[in-house]
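Note sheet for the following structure.
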Amino acid sequence: MMNILKPSKQNLKTYLPIGITFIFLSFLNVILNSFFQFDFVGFFPKGISYFFPLIFGFIGFFLIRVEFSGLRTLDLLNKNINSSNFNAILTLLTLFIIIKSISPLINWFFLDANFIGSSKDDCTGQGACWVFIKVWFRRLIYGMYPDPEQWRINTAFLSLFALVGIAFFSPRKIKKYFIFFLIFIYPFIGIKLISGGDFGLKYVETAAWGGLSLTFIISAFAIIFCFPIGVFLALGRRSDLPAIKYISIGFIELWRGVPLITVLFMASVMFPMFLPDGTFIDKLIRVLFAITLFEAAYMAEVVRGGLQALPKGQYEAAKSLGMGYWRMNALIILPQALKLVIPGIANTLLALVKDTPLIFVVGLMELAGMIGLAKTNPKWLGMAMEGYVFAGLVFWVICYAMSRYSQNLEKKLSTER
Amino acid sequence: MNFKNISFQSKKIRNLIPQILILTVLFSVIIYFVTNVQTNMGNRGIAFGFGFLNQESSFDITFSLIDYNGSYSYARAFLVGLLNTLLVSVIGIFFATILGVIVGVSRLSDNYLISKVAEWYVEIFRNIPLILQIFFWYFAALRALPLPNEAINFYDISFLTVKGFYVPKFIWNNFNFFIIAIIISITAIYFLRNYARKQREQYGRQVPVFIFSLLILLTFPLISFFLFDVNLSFEYPVLKQLSPSIFTFDGGVNIIPELLALALSLSMYTATFIAENVRAGILGVGKGQKEAALSIGLNKNQVLKLVVMPQALRIIIPPTTNQYLNLTKNSSLAAAIAYPDIVLVFAGTALMQTGRAIEIISITMLTYLSLSVAISVFMNWYNKKMAIKEK
């Protein structure tokens, strides 16, 4: 009896159309329900009409589950989303949830959202009030940086992108110098351009900096500084000299053991006590210092992983060629070790970027902080959702791009072993 | 004296110089800082010391697991903060593990849709800063919940409102006996497992440990219920009208929205990392292992339980412990939404009131450090225990 009912290649011609009809009905029901609030099985008792799509979809999927049917699409479908009863139910539930959540999301993001206007009163729809983002856009990007001076931030970042582009396409021979310039000289030119004070540029104090540009500035500087410090700490931790080894271990474990927020607290309230009375170090520099040391400890552990993974023979070969400690590390060990840990390095840098919003602790406001400020503005109360969704999207795009890039880099640099 | 032996070429001397240099620099920096601190504190008229811990704190904390009010000492406030940190960490670890394992296993599912959904879950939640997720849940999502008079009702037992999640309170009678019963049953299960292992290793007999354990775990507490008059009753939250328009819930336990938001975001964020660990762990067990296990006649459950999982766990656990540690440290972001954890209570309010930056920040950092050290000591012990013992 069961063998007759079981779909197989013989009864494919009858079962396939029936199965597809069942599946079609079930999805039609869900789609009509979620987009047009129309339920064509509403005449059934509530429990049945609620589960109608699931039951019909399940029957349909059962009927089309034919092994080696000879139809390529069907086989692919069965293999990937319909390999068993359990999988069929999972597939149906996933698809239903996706379909159900699409319509409220689209409504909130686009259809019911407001794009035009200049104040909260222009937001009449039920959906998102993107006017909020539009009005506050400059503040979200530049913080409290004075409007007429904002071209300086733009110039600094645009020329950075231009330089990166040139460096990327330049011939190998000059590339080295370009990269050196980009890493060691350009950041200081850029920061001078933004802070001003000389060359007829108006001085803008760091308290006025903020928004997304501050995120970039802090991330860029912390990345540049934390990488070499991390490498030195990693070498120190594997050093034969006990004093250097234990100082490195103590330093690394101290930073890794505490949360960044307490380190920032330390930089803001405890560190001034360590300095002679009357000395004042800029808030931004203190924060940069704290973040750099903190992330350098994580970087050191990542690099150490790479150093440990190298076979002993590499060290011995380098030494037998008469290389000293520094030459051995610079020419033989580190290039291989760093290549091994590219994913780890990328993860540390990602963590660094994701940690930048924490600077709210010391009163600096980057993107998330500016949204916190904007949503408490009496004229714009109740805009938290729009603000944080926007900030989340921006950060997501940045971090996702970074992680993708690191994956590509890893593939590109991997050599046969 | 013979100076020839002490040339710079001698390796010992050559190694000594950088060490002495670094130590000198380190000590001079420390001495410089300490003298500065002394003069600064002298100028402000405060003396270094931990005596302030016994003073009356005179501030209130919104959420506390132990008795606390303004008349208690700063040390007590510290304890309240620490317990709150541990509470949110434990809740976060619990849910992050469950969610992480589900997502990690789903990523390996042969169902294309499920594995894609799991993949995008990881990609989305891993790449948004945790603090933004906390803000989103706290300021945007949970603020959209209804007021108490229109609360989302779960079978008249629990109520979800903008002021928090009201759940029934457990009222135990003779709770001590119940705890003793639980302890006895856990000890019994421990001995049972040892016995079963011995039987398996010496005589090849299988003892159904799981069923017996379940029986023991049910029997002893039940005995305690009947013989020692242990009983459990619930105090349900009840809607109360304060004024014509203001309602609140009375009784029960209120899980404050700060805790909800923090636990939600911490577990959803950390789950992505745990999911990746789980996936890597299961993928890390060679295919040959599964095939070998199947070929010696183990069934699918046994393969999973006896062959795949023990090896996968060896890969999964060390990085996952690290994630637990990260979660505990990340719980300090609580300060951003005013959940009274150790950072907010101690490094925030207490510091503002006493102005003792150095003592308070050091205590806070030391607390986190000792948590980290404790977890890593445990991890090393576990690693050693789980490591493959090669002969």
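Residue numbering restarts at 1 in every chain; chains get A, B, ... in the order shown in the structure tokens, and ligands count up from 1 in that same order.
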
Practice problem: Assign secondary structure with DSSP using the backbone only, and return the residues of range 42-177 of chain A in helix (DSSP H, G or I) as JSON, numbers by chain. | Solution: {"A": [46, 47, 48, 49, 50, 51, 52, 53, 54, 55, 56, 57, 58, 59, 60, 61, 62, 63, 72, 73, 74, 75, 76, 77, 78, 79, 80, 81, 85, 86, 87, 88, 89, 90, 91, 92, 93, 94, 95, 96, 97, 98, 99, 100, 101, 102, 103, 104, 105, 106, 107, 108, 109, 110, 111, 120, 121, 122, 130, 131, 132, 133, 134, 135, 136, 137, 138, 139, 140, 141, 142, 147, 148, 149, 150, 151, 152, 153, 154, 155, 156, 157, 158, 159, 160, 161, 162, 163, 164, 165, 166, 167, 168, 169, 172, 173, 174, 175, 176, 177]}

Quiz item: Mind listing as a count of residues only which residues of chain A are within 6 Å of chain B, counting only C-alpha atoms?
Solution: 19

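Residues in contact with range 310-321 of chain B at 6 Å, where only C-alpha atoms are counted and same-chain residues fewer than 6 positions away are skipped, are listed as Ile274, Asn277, Val278, Gly281 and Ile282 of chain B.
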
Practice problem: Might you pull out every residue within 10 Å of Leu63 in chain A, with only C-alpha atoms counted and same-chain residues fewer than 3 positions away left off, and present them as a VMD selection string? | Solution: chain A and resid 5 to 8 12 14 to 20 22 to 23 57 to 60 66

Write the residues of the selection above to a file with N, CA, C and O atoms, as a compact mmCIF listing (two decimals), in the first residue's frame.
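Final file, result04.txt:
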```
# COMPACT_ATOMS: atom_id res chain seq x y z
N LEU A 5 1.67 4.59 -2.74
CA LEU A 5 1.54 6.00 -2.40
C LEU A 5 2.88 6.74 -2.49
O LEU A 5 2.93 7.94 -2.70
N LYS A 6 3.96 5.99 -2.30
CA LYS A 6 5.26 6.65 -2.27
C LYS A 6 5.63 7.19 -3.64
O LYS A 6 5.58 6.47 -4.64
N PRO A 7 5.97 8.48 -3.70
CA PRO A 7 6.31 9.04 -5.00
C PRO A 7 7.59 8.39 -5.54
O PRO A 7 8.56 8.22 -4.82
N SER A 8 7.52 8.00 -6.79
CA SER A 8 8.72 7.44 -7.40
C SER A 8 8.76 7.87 -8.85
O SER A 8 7.89 8.61 -9.31
N LEU A 12 5.71 9.73 -11.35
CA LEU A 12 6.17 11.13 -11.33
C LEU A 12 5.18 12.03 -12.04
O LEU A 12 4.85 13.12 -11.57
N THR A 14 1.99 11.96 -12.45
CA THR A 14 0.77 12.34 -11.72
C THR A 14 1.12 13.13 -10.46
O THR A 14 0.44 14.08 -10.11
N TYR A 15 2.20 12.70 -9.77
CA TYR A 15 2.47 13.31 -8.46
C TYR A 15 3.06 14.72 -8.58
O TYR A 15 2.77 15.57 -7.76
N LEU A 16 3.88 14.94 -9.59
CA LEU A 16 4.56 16.22 -9.69
C LEU A 16 3.58 17.39 -9.82
O LEU A 16 3.66 18.35 -9.05
N PRO A 17 2.61 17.32 -10.79
CA PRO A 17 1.67 18.45 -10.88
C PRO A 17 0.85 18.65 -9.60
O PRO A 17 0.67 19.78 -9.16
N ILE A 18 0.45 17.53 -8.98
CA ILE A 18 -0.34 17.67 -7.74
C ILE A 18 0.50 18.34 -6.66
O ILE A 18 0.07 19.29 -6.00
N GLY A 19 1.75 17.85 -6.52
CA GLY A 19 2.63 18.41 -5.49
C GLY A 19 2.85 19.89 -5.71
O GLY A 19 2.77 20.70 -4.78
N ILE A 20 3.13 20.27 -6.97
CA ILE A 20 3.40 21.68 -7.26
C ILE A 20 2.17 22.52 -6.96
O ILE A 20 2.27 23.61 -6.41
N PHE A 22 -0.12 21.91 -4.72
CA PHE A 22 -0.20 22.05 -3.25
C PHE A 22 0.75 23.13 -2.76
O PHE A 22 0.38 24.02 -1.99
N ILE A 23 2.01 23.07 -3.23
CA ILE A 23 3.01 24.04 -2.78
C ILE A 23 2.59 25.45 -3.20
O ILE A 23 2.66 26.40 -2.43
N GLY A 57 1.86 22.76 2.17
CA GLY A 57 3.24 22.79 1.69
C GLY A 57 3.93 21.48 1.99
O GLY A 57 4.67 20.93 1.16
N PHE A 58 3.65 20.93 3.17
CA PHE A 58 4.29 19.68 3.58
C PHE A 58 3.87 18.54 2.66
O PHE A 58 4.70 17.76 2.17
N ILE A 59 2.55 18.46 2.39
CA ILE A 59 2.06 17.42 1.48
C ILE A 59 2.70 17.58 0.11
O ILE A 59 3.17 16.62 -0.51
N GLY A 60 2.73 18.82 -0.36
CA GLY A 60 3.31 19.09 -1.68
C GLY A 60 4.75 18.66 -1.75
O GLY A 60 5.17 17.97 -2.68
N VAL A 66 11.09 12.84 -5.13
CA VAL A 66 11.35 11.65 -5.94
C VAL A 66 12.86 11.54 -6.14
O VAL A 66 13.49 12.47 -6.59
```
